[in-house]
Amino acid sequence: MKSRGLFLFGFIFIFLGASVHADEYYGSRHLTAQQIERVKAVKDLLEGIDKDPLWKTVRELEKTRDPEINLQMKEAMAKAYTDIVHEINVQGQKKKEWLYSMVCLNMAYLQFGGSQGKYGSTTELNRLIRQKLKEYLPPNALKQPGFVYSLE
């Protein structure tokens, strides 16, 4: 359990570090009205889990290298999370927050090229999460430049 916490801390540290310097490398792009509506829909699905205000989420997306891909990832994560909450009847705020953190970790796993096979994983929950993420990501998302990151 401690190693998961360290992994999550490391992932968040890397993500925040990249976000802080994103303006230097990528500039700022404005989301369209349609994209902002999609962000609102994501936030509605994650009510009680995503506590950031809309403006902050929009601003973070605008700072990314490819706001559309990042929005698609947020949509896939929100939909996968919502499906799983309903399918396995997740109850309680702590359990829902934990589940969403697992969805985020699995998205990161996919972004770093993990699970190139069908849904390789050590747990049934991870397999379910990855299956849902792949279901909701656009076709060929795992092959799009800007989605998969290499550590090489």
# chains A, B, ... in the order shown; residues from 1 in each chain; ligands from 1
>>> residues_around(residues="Lys79 in chain A", least_positions_apart="2", cutoff="8 Å", atoms="only C-alpha atoms", output="PyMOL selection string")
chain A and resi 42+45+75-77+81-83+136
>>> write_last_selection(atoms="N, CA, C and O atoms", output="mmCIF file, in the first residue's frame")
data_model
loop_
_atom_site.group_PDB
_atom_site.id
_atom_site.type_symbol
_atom_site.label_atom_id
_atom_site.label_comp_id
_atom_site.auth_asym_id
_atom_site.auth_seq_id
_atom_site.Cartn_x
_atom_site.Cartn_y
_atom_site.Cartn_z
ATOM 1 N N VAL A 42 -17.632 16.367 -17.938
ATOM 2 C CA VAL A 42 -16.673 15.556 -17.175
ATOM 3 C C VAL A 42 -16.798 15.879 -15.689
ATOM 4 O O VAL A 42 -16.865 14.990 -14.841
ATOM 5 N N LEU A 45 -19.769 14.299 -14.114
ATOM 6 C CA LEU A 45 -19.578 12.872 -13.850
ATOM 7 C C LEU A 45 -18.711 12.641 -12.618
ATOM 8 O O LEU A 45 -18.864 11.645 -11.920
ATOM 9 N N GLU A 75 -12.308 12.673 -20.419
ATOM 10 C CA GLU A 75 -13.630 12.114 -20.684
ATOM 11 C C GLU A 75 -13.632 10.601 -20.488
ATOM 12 O O GLU A 75 -14.539 10.050 -19.852
ATOM 13 N N ALA A 76 -12.620 9.925 -21.018
ATOM 14 C CA ALA A 76 -12.526 8.473 -20.882
ATOM 15 C C ALA A 76 -12.407 8.073 -19.411
ATOM 16 O O ALA A 76 -13.054 7.120 -18.963
ATOM 17 N N MET A 77 -11.600 8.806 -18.657
ATOM 18 C CA MET A 77 -11.425 8.492 -17.240
ATOM 19 C C MET A 77 -12.731 8.699 -16.470
ATOM 20 O O MET A 77 -13.108 7.862 -15.639
ATOM 21 N N TYR A 81 -14.729 5.606 -14.774
ATOM 22 C CA TYR A 81 -14.984 5.698 -13.331
ATOM 23 C C TYR A 81 -16.479 5.547 -13.039
ATOM 24 O O TYR A 81 -16.883 4.742 -12.193
ATOM 25 N N THR A 82 -17.307 6.309 -13.752
ATOM 26 C CA THR A 82 -18.752 6.282 -13.515
ATOM 27 C C THR A 82 -19.329 4.894 -13.776
ATOM 28 O O THR A 82 -20.146 4.395 -12.988
ATOM 29 N N ASP A 83 -18.908 4.270 -14.869
ATOM 30 C CA ASP A 83 -19.381 2.909 -15.169
ATOM 31 C C ASP A 83 -19.051 1.947 -14.038
ATOM 32 O O ASP A 83 -19.895 1.167 -13.610
ATOM 33 N N TYR A 136 -13.580 3.856 -24.031
ATOM 34 C CA TYR A 136 -13.987 5.254 -24.131
ATOM 35 C C TYR A 136 -12.975 6.165 -24.822
ATOM 36 O O TYR A 136 -13.320 7.279 -25.190
#
>>> residues_around(residues="Leu54 in chain A", least_positions_apart="6", cutoff="9 Å", atoms="only C-alpha atoms", output="PyMOL selection string")
chain A and resi 36+39-40+43
>>> closest_residue(among="A:Asp52, A:Asn140, A:Arg38, A:Arg29", to="Asp66 in chain A", atoms="only C-alpha atoms")
A:Arg29
>>> atom_distance(atom1="CA of Asn70 in chain A", atom2="CA of Leu128 in chain A")
21.4 Å
>>> residues_around(residues="range 88-96 of chain A", least_positions_apart="5", cutoff="12 Å", atoms="only C-alpha atoms", output="PyMOL selection string")
chain A and resi 46-50+78+81-83+101-103+125+128-129
>>> write_last_selection(atoms="N, CA, C and O atoms", output="compact mmCIF listing (two decimals), in the first residue's frame")
# COMPACT_ATOMS: atom_id res chain seq x y z
N LEU A 46 -17.80 13.56 -12.36
CA LEU A 46 -16.85 13.42 -11.25
C LEU A 46 -17.25 14.26 -10.03
O LEU A 46 -16.41 14.55 -9.18
N GLU A 47 -18.52 14.61 -9.96
CA GLU A 47 -18.98 15.43 -8.84
C GLU A 47 -18.62 14.77 -7.51
O GLU A 47 -18.85 13.58 -7.31
N GLY A 48 -18.01 15.54 -6.64
CA GLY A 48 -17.58 15.02 -5.35
C GLY A 48 -16.18 14.43 -5.37
O GLY A 48 -15.57 14.22 -4.33
N ILE A 49 -15.66 14.14 -6.55
CA ILE A 49 -14.31 13.58 -6.69
C ILE A 49 -13.35 14.64 -7.18
O ILE A 49 -12.28 14.84 -6.63
N ASP A 50 -13.72 15.33 -8.25
CA ASP A 50 -12.91 16.41 -8.81
C ASP A 50 -13.39 17.71 -8.18
O ASP A 50 -14.44 18.21 -8.53
N ALA A 78 -13.43 9.79 -16.74
CA ALA A 78 -14.69 10.07 -16.04
C ALA A 78 -15.74 9.02 -16.37
O ALA A 78 -16.46 8.54 -15.48
N TYR A 81 -14.73 5.61 -14.77
CA TYR A 81 -14.98 5.70 -13.33
C TYR A 81 -16.48 5.55 -13.04
O TYR A 81 -16.88 4.74 -12.19
N THR A 82 -17.31 6.31 -13.75
CA THR A 82 -18.75 6.28 -13.51
C THR A 82 -19.33 4.89 -13.78
O THR A 82 -20.15 4.40 -12.99
N ASP A 83 -18.91 4.27 -14.87
CA ASP A 83 -19.38 2.91 -15.17
C ASP A 83 -19.05 1.95 -14.04
O ASP A 83 -19.89 1.17 -13.61
N SER A 101 -8.52 7.30 -8.18
CA SER A 101 -7.05 7.32 -8.22
C SER A 101 -6.53 6.11 -8.99
O SER A 101 -5.54 6.21 -9.72
N MET A 102 -7.22 4.98 -8.89
CA MET A 102 -6.82 3.79 -9.66
C MET A 102 -7.08 4.00 -11.15
O MET A 102 -6.29 3.55 -11.98
N VAL A 103 -8.15 4.69 -11.49
CA VAL A 103 -8.42 5.01 -12.90
C VAL A 103 -7.29 5.90 -13.43
O VAL A 103 -6.77 5.67 -14.52
N LEU A 125 -9.51 -5.73 -11.12
CA LEU A 125 -9.93 -4.34 -11.17
C LEU A 125 -9.13 -3.56 -12.21
O LEU A 125 -9.69 -2.81 -13.00
N LEU A 128 -10.36 -4.42 -15.61
CA LEU A 128 -11.64 -3.77 -15.86
C LEU A 128 -11.45 -2.29 -16.18
O LEU A 128 -12.03 -1.77 -17.15
N ILE A 129 -10.63 -1.62 -15.40
CA ILE A 129 -10.38 -0.19 -15.63
C ILE A 129 -9.78 0.03 -17.01
O ILE A 129 -10.23 0.89 -17.77
>>> atom_distance(atom1="CA of Lys143 in chain A", atom2="CA of Val85 in chain A")
28.1 Å
>>> atom_distance(atom1="CA of Arg65 in chain A", atom2="CA of Ile84 in chain A")
29.3 Å
>>> decode(residues="range 88-112 of chain A", atoms="N, CA, C and O atoms", output="CSV table (one decimal), in the first residue's frame")
chain,number,residue,atom,x,y,z
A,88,ILE,N,-20.1,-2.0,-10.0
A,88,ILE,CA,-19.7,-2.8,-8.8
A,88,ILE,C,-20.3,-2.1,-7.5
A,88,ILE,O,-19.9,-2.5,-6.4
A,89,ASN,N,-21.1,-1.1,-7.7
A,89,ASN,CA,-21.9,-0.5,-6.6
A,89,ASN,C,-20.9,0.0,-5.5
A,89,ASN,O,-21.0,-0.3,-4.3
A,90,VAL,N,-20.0,0.9,-5.9
A,90,VAL,CA,-19.0,1.5,-5.0
A,90,VAL,C,-19.8,2.5,-4.1
A,90,VAL,O,-20.5,3.4,-4.6
A,91,GLN,N,-19.6,2.3,-2.8
A,91,GLN,CA,-20.3,3.2,-1.8
A,91,GLN,C,-19.2,3.9,-1.0
A,91,GLN,O,-18.2,3.3,-0.7
A,92,GLY,N,-19.5,5.1,-0.6
A,92,GLY,CA,-18.6,5.9,0.3
A,92,GLY,C,-17.6,6.7,-0.4
A,92,GLY,O,-17.0,6.3,-1.5
A,93,GLN,N,-17.4,7.9,0.1
A,93,GLN,CA,-16.5,8.9,-0.5
A,93,GLN,C,-15.1,8.4,-0.6
A,93,GLN,O,-14.4,8.5,-1.7
A,94,LYS,N,-14.5,7.8,0.4
A,94,LYS,CA,-13.1,7.3,0.4
A,94,LYS,C,-12.9,6.2,-0.7
A,94,LYS,O,-11.9,6.2,-1.4
A,95,LYS,N,-13.9,5.3,-0.8
A,95,LYS,CA,-13.8,4.2,-1.8
A,95,LYS,C,-13.9,4.8,-3.2
A,95,LYS,O,-13.2,4.4,-4.1
A,96,LYS,N,-14.7,5.8,-3.4
A,96,LYS,CA,-14.9,6.4,-4.7
A,96,LYS,C,-13.6,7.2,-5.1
A,96,LYS,O,-13.1,7.1,-6.2
A,97,GLU,N,-13.0,7.9,-4.1
A,97,GLU,CA,-11.8,8.6,-4.4
A,97,GLU,C,-10.6,7.6,-4.7
A,97,GLU,O,-9.8,7.9,-5.6
A,98,TRP,N,-10.6,6.5,-4.0
A,98,TRP,CA,-9.6,5.5,-4.2
A,98,TRP,C,-9.8,4.9,-5.6
A,98,TRP,O,-8.8,4.8,-6.4
A,99,LEU,N,-11.0,4.6,-6.0
A,99,LEU,CA,-11.3,4.1,-7.3
A,99,LEU,C,-10.8,5.1,-8.4
A,99,LEU,O,-10.2,4.7,-9.4
A,100,TYR,N,-11.1,6.3,-8.2
A,100,TYR,CA,-10.7,7.3,-9.2
A,100,TYR,C,-9.2,7.4,-9.3
A,100,TYR,O,-8.6,7.6,-10.4
A,101,SER,N,-8.5,7.3,-8.2
A,101,SER,CA,-7.1,7.3,-8.2
A,101,SER,C,-6.5,6.1,-9.0
A,101,SER,O,-5.5,6.2,-9.7
A,102,MET,N,-7.2,5.0,-8.9
A,102,MET,CA,-6.8,3.8,-9.7
A,102,MET,C,-7.1,4.0,-11.2
A,102,MET,O,-6.3,3.6,-12.0
A,103,VAL,N,-8.2,4.7,-11.5
A,103,VAL,CA,-8.4,5.0,-12.9
A,103,VAL,C,-7.3,5.9,-13.4
A,103,VAL,O,-6.8,5.7,-14.5
A,104,CYS,N,-6.9,6.9,-12.7
A,104,CYS,CA,-5.8,7.8,-13.1
A,104,CYS,C,-4.5,7.0,-13.2
A,104,CYS,O,-3.8,7.3,-14.2
A,105,LEU,N,-4.2,6.1,-12.3
A,105,LEU,CA,-3.0,5.4,-12.4
A,105,LEU,C,-3.0,4.5,-13.6
A,105,LEU,O,-2.0,4.3,-14.3
A,106,ASN,N,-4.1,3.9,-13.9
A,106,ASN,CA,-4.2,3.0,-15.1
A,106,ASN,C,-4.1,3.8,-16.4
A,106,ASN,O,-3.6,3.3,-17.4
A,107,MET,N,-4.6,5.0,-16.4
A,107,MET,CA,-4.5,5.9,-17.6
A,107,MET,C,-3.0,6.2,-17.8
A,107,MET,O,-2.4,6.2,-18.9
A,108,ALA,N,-2.3,6.5,-16.7
A,108,ALA,CA,-0.8,6.8,-16.8
A,108,ALA,C,-0.1,5.5,-17.3
A,108,ALA,O,0.8,5.7,-18.1
A,109,TYR,N,-0.5,4.4,-16.8
A,109,TYR,CA,0.1,3.1,-17.2
A,109,TYR,C,0.0,3.0,-18.8
A,109,TYR,O,0.9,2.6,-19.5
A,110,LEU,N,-1.2,3.3,-19.3
A,110,LEU,CA,-1.4,3.2,-20.7
A,110,LEU,C,-0.6,4.2,-21.5
A,110,LEU,O,0.0,4.0,-22.5
A,111,GLN,N,-0.5,5.4,-20.9
A,111,GLN,CA,0.2,6.5,-21.6
A,111,GLN,C,1.7,6.2,-21.7
A,111,GLN,O,2.4,6.6,-22.6
A,112,PHE,N,2.2,5.4,-20.7
A,112,PHE,CA,3.6,5.1,-20.7
A,112,PHE,C,3.9,3.7,-21.5
A,112,PHE,O,4.9,3.1,-21.3
